Every structure is written in structure tokens, then in C-alpha cells.
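Structure file model_37.csv (CSV, C-alpha atoms) follows.
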```
chain,number,residue,atom,x,y,z
K,28,MET,CA,17.7,46.3,11.5
K,29,ASN,CA,14.3,47.2,12.9
K,30,SER,CA,13.2,48.5,9.5
K,31,LEU,CA,14.2,45.2,7.9
K,32,HIS,CA,12.3,43.3,10.5
K,33,GLU,CA,9.2,45.5,9.9
K,34,HIS,CA,9.5,44.9,6.2
K,35,ALA,CA,9.6,41.1,6.7
K,36,LEU,CA,6.5,41.3,9.0
K,37,ARG,CA,4.6,43.2,6.3
K,38,LEU,CA,5.6,40.7,3.6
K,39,SER,CA,4.5,37.8,5.9
K,40,ARG,CA,1.1,39.4,6.5
K,41,GLN,CA,0.7,40.0,2.7
K,42,HIS,CA,1.6,36.4,2.0
K,43,ARG,CA,-1.0,35.1,4.4
K,44,GLN,CA,-3.5,37.5,3.0
K,45,THR,CA,-2.7,36.4,-0.5
K,46,GLU,CA,-3.2,32.8,0.5
K,47,SER,CA,-6.6,33.6,2.0
K,48,ASP,CA,-7.6,35.5,-1.1
K,49,LEU,CA,-6.5,32.6,-3.4
K,50,VAL,CA,-8.6,30.1,-1.4
K,51,ALA,CA,-11.7,32.3,-1.9
K,52,VAL,CA,-11.0,32.9,-5.6
K,53,LEU,CA,-10.3,29.3,-6.4
K,54,GLY,CA,-13.5,28.3,-4.7
K,55,GLU,CA,-15.4,30.8,-6.9
K,56,ILE,CA,-13.6,29.6,-10.0
K,57,GLU,CA,-14.7,26.0,-9.4
K,58,THR,CA,-18.3,27.0,-8.6
K,59,LEU,CA,-18.5,28.9,-11.9
K,60,ASN,CA,-16.5,26.2,-13.8
K,61,LEU,CA,-14.4,29.1,-15.1
K,62,HIS,CA,-11.3,26.7,-15.5
K,63,ARG,CA,-13.3,24.6,-18.0
K,64,THR,CA,-14.4,27.7,-19.9
K,65,LEU,CA,-10.7,28.5,-20.3
K,66,GLY,CA,-9.9,25.1,-21.6
K,67,PHE,CA,-8.5,23.4,-18.5
K,68,SER,CA,-9.8,19.9,-17.7
K,69,SER,CA,-9.6,20.4,-14.0
K,70,LEU,CA,-9.1,23.0,-11.3
K,71,PHE,CA,-5.8,21.4,-10.4
K,72,THR,CA,-4.5,21.7,-14.0
K,73,TYR,CA,-5.6,25.3,-14.1
K,74,THR,CA,-3.8,26.2,-10.9
K,75,VAL,CA,-0.6,24.5,-11.9
K,76,SER,CA,-0.5,25.5,-15.6
K,77,ALA,CA,-2.3,28.9,-15.7
K,78,LEU,CA,-1.3,30.2,-12.2
K,79,GLY,CA,2.2,28.7,-12.2
K,80,LEU,CA,1.9,27.2,-8.7
K,81,SER,CA,3.8,24.1,-7.7
K,82,GLU,CA,1.7,20.9,-7.5
K,83,PRO,CA,1.9,20.5,-3.7
K,84,VAL,CA,0.8,24.2,-3.2
K,85,ALA,CA,-2.0,23.8,-5.8
K,86,TYR,CA,-3.2,20.6,-4.1
K,87,ALA,CA,-3.2,22.3,-0.7
K,88,LEU,CA,-5.1,25.4,-1.9
K,89,ILE,CA,-7.7,23.4,-3.7
K,90,THR,CA,-8.3,21.0,-0.8
K,91,VAL,CA,-8.7,23.8,1.7
K,92,ALA,CA,-10.9,25.9,-0.7
K,93,ARG,CA,-13.3,22.9,-1.2
K,94,LYS,CA,-13.5,22.3,2.6
K,95,ALA,CA,-13.9,26.0,3.3
K,96,LYS,CA,-17.0,26.1,1.2
K,97,GLU,CA,-18.5,23.3,3.3
K,98,LEU,CA,-17.4,24.5,6.7
K,99,GLY,CA,-17.9,28.1,7.7
K,100,ALA,CA,-15.5,27.7,10.7
K,101,LEU,CA,-12.6,26.8,8.4
K,102,ASN,CA,-13.4,29.6,6.0
K,103,ASP,CA,-13.4,32.1,8.9
K,104,ALA,CA,-10.1,30.7,10.2
K,105,ILE,CA,-8.5,31.2,6.8
K,106,CYS,CA,-10.0,34.7,6.3
K,107,SER,CA,-8.9,35.9,9.7
K,108,GLN,CA,-5.5,34.3,9.1
K,109,LYS,CA,-5.8,32.3,12.3
K,110,LEU,CA,-4.8,29.3,10.2
K,111,THR,CA,-2.4,29.1,7.3
K,112,VAL,CA,-3.3,27.1,4.2
K,113,SER,CA,-0.5,24.7,4.9
K,114,ARG,CA,-1.7,24.0,8.4
K,115,ALA,CA,-5.3,23.8,7.3
K,116,SER,CA,-4.5,21.2,4.6
K,117,ARG,CA,-3.2,18.9,7.2
K,118,ILE,CA,-6.6,18.7,9.1
K,119,VAL,CA,-9.2,18.7,6.3
K,120,ALA,CA,-9.2,14.9,6.0
K,121,ALA,CA,-10.5,14.6,9.6
K,122,LEU,CA,-12.5,17.9,9.7
K,123,THR,CA,-16.2,17.6,10.4
K,124,ARG,CA,-19.0,20.1,11.5
K,125,GLU,CA,-18.8,18.5,15.0
K,126,ASN,CA,-15.1,18.8,15.6
K,127,ALA,CA,-14.3,21.9,13.4
K,128,ASN,CA,-13.9,24.5,16.2
K,129,GLU,CA,-11.8,22.1,18.4
K,130,LEU,CA,-9.6,20.9,15.6
K,131,ILE,CA,-9.0,24.3,14.1
K,132,ALA,CA,-8.0,25.7,17.5
K,133,PHE,CA,-5.7,22.7,18.1
K,134,ALA,CA,-4.0,23.1,14.7
K,135,ALA,CA,-3.5,26.9,15.3
K,136,SER,CA,-1.8,26.4,18.7
K,137,HIS,CA,0.2,23.1,18.2
K,138,THR,CA,3.1,21.9,16.2
K,139,GLN,CA,2.8,20.2,12.8
K,140,ARG,CA,3.8,16.9,14.4
K,141,GLU,CA,1.2,17.2,17.2
K,142,THR,CA,-1.4,18.2,14.6
K,143,ASP,CA,-0.7,15.1,12.5
K,144,GLN,CA,-0.9,12.9,15.5
K,145,LYS,CA,-4.3,14.4,16.4
K,146,VAL,CA,-5.6,13.9,12.9
K,147,ALA,CA,-4.4,10.2,12.9
K,148,ARG,CA,-6.2,9.6,16.1
K,149,LEU,CA,-9.4,11.1,14.8
K,150,SER,CA,-9.2,9.2,11.6
K,151,ASP,CA,-8.7,6.0,13.5
K,152,ARG,CA,-11.9,6.6,15.5
K,153,ARG,CA,-13.9,7.3,12.3
K,154,THR,CA,-12.7,4.2,10.4
K,155,GLU,CA,-14.1,0.7,11.0
K,156,ARG,CA,-11.4,-1.9,11.1
K,157,HIS,CA,-11.2,-5.6,11.9
K,158,GLU,CA,-7.8,-4.9,13.6
K,159,SER,CA,-6.6,-1.9,15.5
K,160,LEU,CA,-4.4,0.1,13.2
K,161,LYS,CA,-2.1,2.7,14.7
K,162,VAL,CA,-0.3,4.9,12.1
K,163,SER,CA,2.9,6.6,13.1
K,164,VAL,CA,3.7,10.1,12.1
K,165,GLU,CA,6.4,8.9,9.7
K,166,VAL,CA,3.9,6.6,8.0
K,167,LEU,CA,1.4,9.4,7.8
K,168,GLU,CA,4.0,11.6,6.2
K,169,LEU,CA,4.7,8.9,3.5
K,170,LEU,CA,0.9,8.5,2.9
K,171,LYS,CA,0.5,12.2,2.4
K,172,LYS,CA,3.4,12.3,-0.1
K,173,ALA,CA,1.7,9.4,-1.9
K,174,GLN,CA,-1.6,11.4,-1.8
K,175,THR,CA,0.1,14.4,-3.5
K,176,VAL,CA,1.6,12.1,-6.2
K,177,MET,CA,-1.7,10.5,-6.8
K,178,ALA,CA,-3.5,13.8,-7.0
K,179,SER,CA,-1.1,14.8,-9.8
K,180,LYS,CA,-1.5,11.5,-11.6
K,181,LYS,CA,-5.3,11.3,-11.3
K,182,LYS,CA,-5.8,15.0,-11.8
K,183,ARG,CA,-8.2,15.1,-8.8
K,184,ASP,CA,-8.1,15.1,-5.0
K,185,LEU,CA,-8.0,11.7,-3.3
K,186,LYS,CA,-8.9,11.0,0.3
K,187,LEU,CA,-6.3,9.2,2.4
K,188,ASN,CA,-8.2,5.9,2.3
K,189,GLU,CA,-8.3,6.1,-1.5
K,190,THR,CA,-4.6,6.7,-1.6
K,191,LEU,CA,-3.9,3.8,0.8
K,192,LYS,CA,-6.1,1.5,-1.3
K,193,PHE,CA,-4.2,2.4,-4.5
K,194,VAL,CA,-0.8,2.0,-2.8
K,195,LEU,CA,-1.7,-1.5,-1.4
K,196,GLU,CA,-3.1,-2.6,-4.8
K,197,GLU,CA,0.1,-1.5,-6.5
K,198,PHE,CA,2.1,-3.4,-3.9
K,199,LEU,CA,0.0,-6.6,-4.3
K,200,ASN,CA,0.1,-6.4,-8.1
K,201,ARG,CA,3.9,-6.4,-7.9
K,202,HIS,CA,4.5,-8.9,-5.1
K,203,GLU,CA,1.4,-11.1,-4.4
K,204,PRO,CA,2.3,-14.7,-5.6
K,205,VAL,CA,-1.0,-15.5,-7.3
K,206,ARG,CA,-1.1,-12.3,-9.3
K,207,LYS,CA,2.6,-12.8,-10.3
K,208,ALA,CA,1.7,-16.3,-11.4
K,209,ASP,CA,-1.2,-15.0,-13.5
K,210,ARG,CA,1.1,-12.5,-15.3
K,211,ALA,CA,3.8,-15.2,-15.9
K,212,ARG,CA,1.1,-17.5,-17.4
K,213,GLN,CA,-0.1,-14.8,-19.7
K,214,ARG,CA,3.4,-14.0,-20.8
K,215,ALA,CA,4.2,-17.6,-21.4
K,216,GLU,CA,1.0,-18.1,-23.5
K,217,LYS,CA,2.1,-15.2,-25.7
K,218,SER,CA,5.6,-16.3,-26.2
K,219,THR,CA,7.0,-19.8,-25.5
K,220,PRO,CA,5.0,-22.8,-24.5
K,221,ARG,CA,4.4,-22.9,-20.8
K,222,ILE,CA,5.5,-25.8,-18.6
K,223,SER,CA,2.7,-28.3,-18.1
K,224,ALA,CA,1.6,-28.9,-14.6
K,225,ALA,CA,1.1,-32.6,-15.6
K,226,ASN,CA,4.8,-33.2,-16.3
K,227,SER,CA,5.8,-36.5,-14.8
K,228,VAL,CA,8.6,-36.9,-12.3
K,229,CYS,CA,11.8,-38.7,-13.1
K,230,THR,CA,11.3,-42.2,-14.4
K,231,LYS,CA,14.8,-43.4,-13.5
K,232,PRO,CA,15.5,-42.4,-9.9
K,233,GLU,CA,19.0,-43.8,-9.8
K,234,ALA,CA,20.1,-41.9,-12.9
K,235,CYS,CA,18.4,-38.7,-11.7
K,236,ALA,CA,19.9,-39.0,-8.2
K,237,LYS,CA,23.4,-38.9,-9.8
K,238,SER,CA,22.5,-35.8,-11.7
K,239,ASN,CA,20.9,-34.2,-8.7
K,240,LYS,CA,23.7,-34.4,-6.2
K,241,ARG,CA,23.5,-30.7,-5.8
K,242,ARG,CA,20.1,-29.2,-5.3
K,243,THR,CA,19.2,-26.7,-8.0
K,244,PRO,CA,17.1,-23.6,-7.3
K,245,ILE,CA,13.5,-23.8,-8.5
K,246,ALA,CA,13.1,-21.6,-11.5
K,247,ALA,CA,10.8,-18.5,-11.2
K,248,ARG,CA,8.6,-19.7,-14.0
K,249,VAL,CA,8.0,-23.0,-12.1
K,250,ARG,CA,7.3,-21.2,-8.9
K,251,HIS,CA,4.7,-19.1,-10.7
K,252,ILE,CA,3.0,-22.3,-12.1
K,253,VAL,CA,2.9,-23.9,-8.6
K,254,ASN,CA,1.7,-20.6,-6.9
K,255,GLY,CA,-1.1,-20.3,-9.5
K,256,ARG,CA,-2.1,-23.9,-9.2
K,257,ASP,CA,-2.1,-23.9,-5.4
K,258,GLN,CA,-3.3,-20.3,-5.0
K,259,ALA,CA,-0.3,-19.5,-2.8
K,260,ARG,CA,-1.8,-21.4,0.1
K,261,CYS,CA,-0.9,-24.5,2.0
K,262,THR,CA,-2.4,-27.6,0.4
K,263,PHE,CA,-2.3,-29.9,3.4
K,264,VAL,CA,-5.7,-31.6,4.0
K,265,ASP,CA,-6.6,-33.1,7.4
K,266,LEU,CA,-8.6,-36.3,8.1
K,267,SER,CA,-11.8,-34.3,8.0
K,268,GLY,CA,-11.1,-33.1,4.5
K,269,ASN,CA,-10.4,-29.5,5.5
K,270,ARG,CA,-7.5,-27.8,3.7
K,271,CYS,CA,-5.1,-25.7,5.7
K,272,SER,CA,-5.8,-22.0,5.4
K,273,ASN,CA,-2.3,-20.8,6.1
K,274,ASP,CA,-1.0,-18.4,3.4
K,275,ARG,CA,2.2,-17.5,5.2
K,276,TRP,CA,5.6,-19.2,5.7
K,277,LEU,CA,5.0,-21.2,2.6
K,278,HIS,CA,7.5,-23.7,1.1
K,279,ALA,CA,7.7,-25.7,-2.1
K,280,HIS,CA,7.8,-29.4,-1.0
K,281,HIS,CA,9.2,-32.1,-3.3
K,282,ILE,CA,6.9,-35.1,-3.4
K,283,VAL,CA,9.8,-37.3,-4.6
K,284,PRO,CA,12.8,-36.0,-2.6
K,285,VAL,CA,15.7,-34.6,-4.5
K,286,ASN,CA,18.1,-37.2,-3.1
K,287,ARG,CA,15.9,-39.9,-4.6
K,288,GLY,CA,15.8,-38.4,-8.0
K,289,GLY,CA,12.9,-35.9,-7.6
K,290,GLY,CA,13.2,-32.9,-9.9
K,291,ASN,CA,11.8,-29.3,-9.9
K,292,GLU,CA,8.9,-30.1,-12.2
K,293,PRO,CA,5.6,-28.6,-11.2
K,294,ALA,CA,4.0,-32.0,-10.8
K,295,ASN,CA,6.7,-32.9,-8.2
K,296,LEU,CA,6.1,-29.7,-6.2
K,297,VAL,CA,3.4,-28.9,-3.7
K,298,THR,CA,2.8,-25.9,-1.5
K,299,LEU,CA,3.0,-26.5,2.3
K,300,CYS,CA,3.3,-24.1,5.2
K,301,SER,CA,6.3,-24.5,7.5
K,302,PHE,CA,4.3,-26.5,10.1
K,303,HIS,CA,2.9,-29.0,7.7
K,304,HIS,CA,6.1,-29.2,5.7
K,305,ASP,CA,7.9,-30.2,8.9
K,306,LEU,CA,5.1,-32.6,9.8
K,307,VAL,CA,5.2,-34.3,6.4
K,308,HIS,CA,9.0,-34.9,6.7
K,309,GLN,CA,8.7,-36.0,10.3
K,310,LEU,CA,6.0,-38.6,9.5
K,311,GLY,CA,8.2,-39.8,6.6
K,312,PHE,CA,11.0,-40.9,9.0
K,313,PRO,CA,10.9,-44.5,10.4
K,314,ILE,CA,11.6,-43.3,14.0
K,315,GLU,CA,10.2,-45.2,16.9
K,316,GLY,CA,8.7,-43.1,19.7
K,317,GLN,CA,7.5,-39.5,19.7
K,318,VAL,CA,9.7,-36.7,18.2
K,319,ASN,CA,9.1,-33.1,17.7
K,320,TRP,CA,11.3,-30.9,15.7
K,321,ILE,CA,8.7,-28.6,14.1
K,322,ARG,CA,9.9,-25.1,13.8
K,323,GLU,CA,8.3,-21.8,14.8
K,324,PRO,CA,6.6,-20.0,11.9
K,325,GLY,CA,9.0,-18.1,9.7
K,326,ARG,CA,12.2,-19.8,10.9
K,327,ALA,CA,14.5,-21.1,8.2
K,328,TYR,CA,15.9,-24.6,7.9
K,329,SER,CA,19.2,-25.4,9.7
K,330,HIS,CA,21.5,-28.3,9.4
```

Target format C-alpha cells, applied to this file:
Amino acid sequence: MNSLHEHALRLSRQHRQTESDLVAVLGEIETLNLHRTLGFSSLFTYTVSALGLSEPVAYALITVARKAKELGALNDAICSQKLTVSRASRIVAALTRENANELIAFAASHTQRETDQKVARLSDRRTERHESLKVSVEVLELLKKAQTVMASKKKRDLKLNETLKFVLEEFLNRHEPVRKADRARQRAEKSTPRISAANSVCTKPEACAKSNKRRTPIAARVRHIVNGRDQARCTFVDLSGNRCSNDRWLHAHHIVPVNRGGGNEPANLVTLCSFHHDLVHQLGFPIEGQVNWIREPGRAYSH
């Protein structure tokens, strides 16, 4: 049993030494541009294709190798095996000449979770924000996974803020109403004629009222037209001529109510926030005295 344990210890030391040597060699290969001489477009591609390493391992080695060339303290910690490549890759984003010794010592003596929390706090201090942004360890883990995926896709290392920017852009491209409206308009122009925003409302309210006994959902293509026209923002204008700036809790308001024959044509729909939507309906009732049934933002209608 003791001999098996000793063998495992020797292999562990060899593994850490191999990691240290790989960091140094990869740094030299990049300095000499050897990977390009061999026909590889990037060091990452070389490490994955020629050396047969997995993408996460290749990314960690390259990230640490580049930072080790900048900071002697990190290079010494890797060479002396004080810090593993895996542990070092978790701190390089926040590592500077000023905090190198402190952060390396912290990473070497604390758990992975504690190290991630330390890096998140340091990153928060270095980044200017209009609002305070506190990132949990779980969110940071997701961001690091996205960083790994993006490194593979872009064939280069990305900083965390670059990764976050890309993720947010992807999300907005998919879900932001104005961008969706632009895509819908472009598709409509290429295929079928789009619905005109100038379509008139029903000219025979009594007949339309009979056909509109049950409210029909607003079609997605109509919503896109309205969102594009109103720029996904409340259109209420006060007595001073100032338009409401609210872009949350938005509703599609029927200018001519459905129960009076109003349809779902873009010309009969206008974007209002929940406050002004309630206000418009409230002012439309012939009720004497003061009433107030305006909802809290985000609350749904109820009977």
C-alpha cells in the first residue's frame, strides 16, 4: 500500500512539473511564432490539434503562459509548483503587478470557491459601473464557461468583460423588441408584403363588435411593427410635450376598444407603460370624484 502511495506522489509531482514545463514551452513557441511556421493559425489551434490537449486545458495553459511572461511572480509560482495551472488560470483576469504576490499566496492557500470570490471582488473594484454589480460564484462559473466556449469559437483568448459583452449582445439580438421588429420587417420585405402602419381601424363598429366578441391575440408580426414604430417605449406625452421614458412593463393599448369594434391593426395599437395604460383607461371612464386603481409596475390585469 505504501509503495502504491509513493508511486502516486511521484506521478503527481511529475504531472505538476510537466504543467510547468508546458507553460514555459508554449510561451517560447508563441514568442518565436513557431506555431505559424508549422501552419497553425493560432497557438490555441496548435495546442489542441498538434499537442492533442482538450480545449479547456489548452486555454488555461495559454492564458497562464501569457501572463507568466508579463509577471515574474506568477512565473516563479508556476516553476516552483506553488501554484497549479488550473488554480493560476482562475486569477489571471485580476492579476496585476501590484497585487500579484498577495493574490498568488491567497490562491495557493484557499479553496477554488474562495479564490473565485476574491477575484470577483477585485474585478469589481477595477471596473467602473453606474450601478453596483455583485456577481455570485455561480454566475462567475457560468461566465467562465462562456469564456471557454468563446475562446474556441474566436480562436483567441477573451477577457471576462469581452465575454460578458458578447453574451449580452447575443441575448439582446434574440429578445430585445426593437431588434426583433427590425428582423421581422426585413423578412417581410423579402417575402410577403408587410402590414402597413397606416391601416385604418374598423369603419363599421357595430359589425366589428359582433365579430370581436372574443378578444383575439395580437399577431407577432403586428407586435413587431408596433415595437419598431414606437421603439419599444411608452408613447404617452405629458402637457409639457415630454414623452414618457419608461421601457418596462409595456402594453399594447387599443385606441378604439375591442368591445367597440377596434381591431389589432397597427394603426389601432399604441405602446403604453402599465402606469399610463391604466391612466388612459381611468380618464376614459365618466366617474365623478377621484378614483385610483393604478397598478404597481409589472402586475397583471385582474377581473

For the contact check between range 97-180 of chain K and range 188-199 of chain K, emit one row per residue of range 97-180 of chain K within 8 Å, containing the shortest atom pair and the distance in Å rounded to one decimal, counting only C-alpha atoms, chain then rising number order, as CSV.
```
residue,atom,partner,partner_atom,distance
K:Leu170,CA,K:Leu191,CA,7.0
K:Ala173,CA,K:Thr190,CA,6.9
K:Gln174,CA,K:Thr190,CA,5.6
K:Met177,CA,K:Thr190,CA,7.1
```

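The spacing separating CA of Glu46 in chain K from CA of Ile89 in chain K amounts to 11.2 Å.
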
| query | Within 10 Å of Pro284 in chain K, counting all atoms listed in the file, which residues qualify if same-chain residues fewer than 6 places away don't, as a ChimeraX atom specification? | reply | /K:236,290-291,295-296

Given all atoms listed in the file, how would the per-residue table for range 162-209 of chain K near range 142-150 of chain K read, listing every residue at most 9 Å away with its closest atom pair and distance in Å to one decimal, sorted by chain and number, as CSV?
```
residue,atom,partner,partner_atom,distance
K:Val162,CA,K:Ala147,CA,6.7
K:Ser163,CA,K:Gln144,CA,7.7
K:Val164,CA,K:Gln144,CA,6.4
K:Leu167,CA,K:Asp143,CA,7.7
K:Glu168,CA,K:Asp143,CA,8.6
```

Within 10 Å of range 119-134 of chain K, which residues of range 164-283 of chain K show up? Give each one with its shortest atom-to-atom distance in Å (one decimal) and the two atoms involved, counting all atoms listed in the file, rows by chain then rising residue number, as a Markdown table.
```
| residue | atom | partner | partner_atom | distance |
| --- | --- | --- | --- | --- |
| K:Leu185 | CA | K:Ala120 | CA | 9.9 |
| K:Lys186 | CA | K:Ala120 | CA | 6.9 |
| K:Leu187 | CA | K:Ala120 | CA | 7.3 |
| K:Asn188 | CA | K:Ala120 | CA | 9.8 |
```

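Across the structure, CA of Ser69 in chain K and CA of Ile105 in chain K are spaced 23.5 Å apart.
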
| said: If we count all atoms listed in the file and set the cut-off at 10 Å, which residues sit around range 254-259 of chain K, ignoring sequence neighbours fewer than 5 positions away in its own chain? Please answer as an MDAnalysis selection string. | reply: chainID K and resid 203:212 224 248:249 273:275 277:279 293 297:300

| note | Pairwise distance, CA of Cys261 in chain K with CA of Thr243 in chain K, equals 22.6 Å

| task | Determine the nearest neighbour of Val75 in chain K from the options K:Arg242, K:Asp48, K:Ala92, K:Ser179, counting only C-alpha atoms. | result |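 Using only C-alpha atoms, Val75 in chain K sits closest to K:Ser179.
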
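For range 49-66 of chain K, the residues within 9 Å (counting all atoms listed in the file, excluding itself and residues fewer than 3 positions away along the chain) are Gln44, Thr45, Glu46, Ser69, Leu70, Thr72, Tyr73, Thr74, Leu88, Ile89, Val91, Ala92, Arg93, Ala95, Lys96, Asn102, Ile105, Cys106 and Val112 of chain K.
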
N, CA and C atoms are what I want for range 266-289 of chain K; can you complete it accordingly and write them as a PDB file, in the frame of the given file?
```
ATOM      1  N   LEU K 266      -7.717 -35.097   8.198  1.00  0.00           N
ATOM      2  CA  LEU K 266      -8.600 -36.300   8.100  1.00  0.00           C
ATOM      3  C   LEU K 266     -10.020 -35.944   7.853  1.00  0.00           C
ATOM      4  N   SER K 267     -10.419 -34.719   8.226  1.00  0.00           N
ATOM      5  CA  SER K 267     -11.800 -34.300   8.000  1.00  0.00           C
ATOM      6  C   SER K 267     -12.032 -33.718   6.631  1.00  0.00           C
ATOM      7  N   GLY K 268     -10.978 -33.658   5.846  1.00  0.00           N
ATOM      8  CA  GLY K 268     -11.100 -33.100   4.500  1.00  0.00           C
ATOM      9  C   GLY K 268     -10.965 -31.608   4.421  1.00  0.00           C
ATOM     10  N   ASN K 269     -10.516 -30.983   5.516  1.00  0.00           N
ATOM     11  CA  ASN K 269     -10.400 -29.500   5.500  1.00  0.00           C
ATOM     12  C   ASN K 269      -8.945 -29.142   5.135  1.00  0.00           C
ATOM     13  N   ARG K 270      -8.857 -28.225   4.201  1.00  0.00           N
ATOM     14  CA  ARG K 270      -7.500 -27.800   3.700  1.00  0.00           C
ATOM     15  C   ARG K 270      -7.011 -26.696   4.665  1.00  0.00           C
ATOM     16  N   CYS K 271      -5.716 -26.736   4.893  1.00  0.00           N
ATOM     17  CA  CYS K 271      -5.100 -25.700   5.700  1.00  0.00           C
ATOM     18  C   CYS K 271      -5.265 -24.336   5.102  1.00  0.00           C
ATOM     19  N   SER K 272      -5.567 -23.352   5.939  1.00  0.00           N
ATOM     20  CA  SER K 272      -5.800 -22.000   5.400  1.00  0.00           C
ATOM     21  C   SER K 272      -4.631 -21.087   5.487  1.00  0.00           C
ATOM     22  N   ASN K 273      -3.480 -21.625   5.896  1.00  0.00           N
ATOM     23  CA  ASN K 273      -2.300 -20.800   6.100  1.00  0.00           C
ATOM     24  C   ASN K 273      -1.754 -20.304   4.739  1.00  0.00           C
ATOM     25  N   ASP K 274      -1.569 -18.997   4.616  1.00  0.00           N
ATOM     26  CA  ASP K 274      -1.000 -18.400   3.400  1.00  0.00           C
ATOM     27  C   ASP K 274       0.342 -17.714   3.710  1.00  0.00           C
ATOM     28  N   ARG K 275       0.929 -18.044   4.862  1.00  0.00           N
ATOM     29  CA  ARG K 275       2.200 -17.500   5.200  1.00  0.00           C
ATOM     30  C   ARG K 275       3.234 -18.583   5.506  1.00  0.00           C
ATOM     31  N   TRP K 276       4.521 -18.217   5.456  1.00  0.00           N
ATOM     32  CA  TRP K 276       5.600 -19.200   5.700  1.00  0.00           C
ATOM     33  C   TRP K 276       5.480 -20.381   4.795  1.00  0.00           C
ATOM     34  N   LEU K 277       5.274 -20.131   3.521  1.00  0.00           N
ATOM     35  CA  LEU K 277       5.000 -21.200   2.600  1.00  0.00           C
ATOM     36  C   LEU K 277       6.314 -21.751   1.961  1.00  0.00           C
ATOM     37  N   HIS K 278       6.348 -23.065   1.747  1.00  0.00           N
ATOM     38  CA  HIS K 278       7.500 -23.700   1.100  1.00  0.00           C
ATOM     39  C   HIS K 278       7.031 -24.563  -0.047  1.00  0.00           C
ATOM     40  N   ALA K 279       7.932 -24.811  -0.980  1.00  0.00           N
ATOM     41  CA  ALA K 279       7.700 -25.700  -2.100  1.00  0.00           C
ATOM     42  C   ALA K 279       8.249 -27.099  -1.669  1.00  0.00           C
ATOM     43  N   HIS K 280       7.394 -28.064  -1.446  1.00  0.00           N
ATOM     44  CA  HIS K 280       7.800 -29.400  -1.000  1.00  0.00           C
ATOM     45  C   HIS K 280       7.929 -30.342  -2.186  1.00  0.00           C
ATOM     46  N   HIS K 281       9.030 -31.095  -2.239  1.00  0.00           N
ATOM     47  CA  HIS K 281       9.200 -32.100  -3.300  1.00  0.00           C
ATOM     48  C   HIS K 281       8.549 -33.385  -2.895  1.00  0.00           C
ATOM     49  N   ILE K 282       7.595 -33.823  -3.707  1.00  0.00           N
ATOM     50  CA  ILE K 282       6.900 -35.100  -3.400  1.00  0.00           C
ATOM     51  C   ILE K 282       7.858 -36.241  -3.459  1.00  0.00           C
ATOM     52  N   VAL K 283       8.621 -36.351  -4.534  1.00  0.00           N
ATOM     53  CA  VAL K 283       9.800 -37.300  -4.600  1.00  0.00           C
ATOM     54  C   VAL K 283      10.994 -36.488  -4.197  1.00  0.00           C
ATOM     55  N   PRO K 284      11.641 -36.817  -3.076  1.00  0.00           N
ATOM     56  CA  PRO K 284      12.800 -36.000  -2.600  1.00  0.00           C
ATOM     57  C   PRO K 284      13.880 -35.900  -3.656  1.00  0.00           C
ATOM     58  N   VAL K 285      14.609 -34.813  -3.584  1.00  0.00           N
ATOM     59  CA  VAL K 285      15.700 -34.600  -4.500  1.00  0.00           C
ATOM     60  C   VAL K 285      16.741 -35.662  -4.452  1.00  0.00           C
ATOM     61  N   ASN K 286      17.041 -36.134  -3.227  1.00  0.00           N
ATOM     62  CA  ASN K 286      18.100 -37.200  -3.100  1.00  0.00           C
ATOM     63  C   ASN K 286      17.636 -38.529  -3.581  1.00  0.00           C
ATOM     64  N   ARG K 287      16.346 -38.641  -3.962  1.00  0.00           N
ATOM     65  CA  ARG K 287      15.900 -39.900  -4.600  1.00  0.00           C
ATOM     66  C   ARG K 287      15.500 -39.701  -6.025  1.00  0.00           C
ATOM     67  N   GLY K 288      15.971 -38.603  -6.606  1.00  0.00           N
ATOM     68  CA  GLY K 288      15.800 -38.400  -8.000  1.00  0.00           C
ATOM     69  C   GLY K 288      14.663 -37.418  -8.371  1.00  0.00           C
ATOM     70  N   GLY K 289      14.009 -36.855  -7.367  1.00  0.00           N
ATOM     71  CA  GLY K 289      12.900 -35.900  -7.600  1.00  0.00           C
ATOM     72  C   GLY K 289      13.450 -34.618  -8.228  1.00  0.00           C
TER      73      GLY K 289
END
```
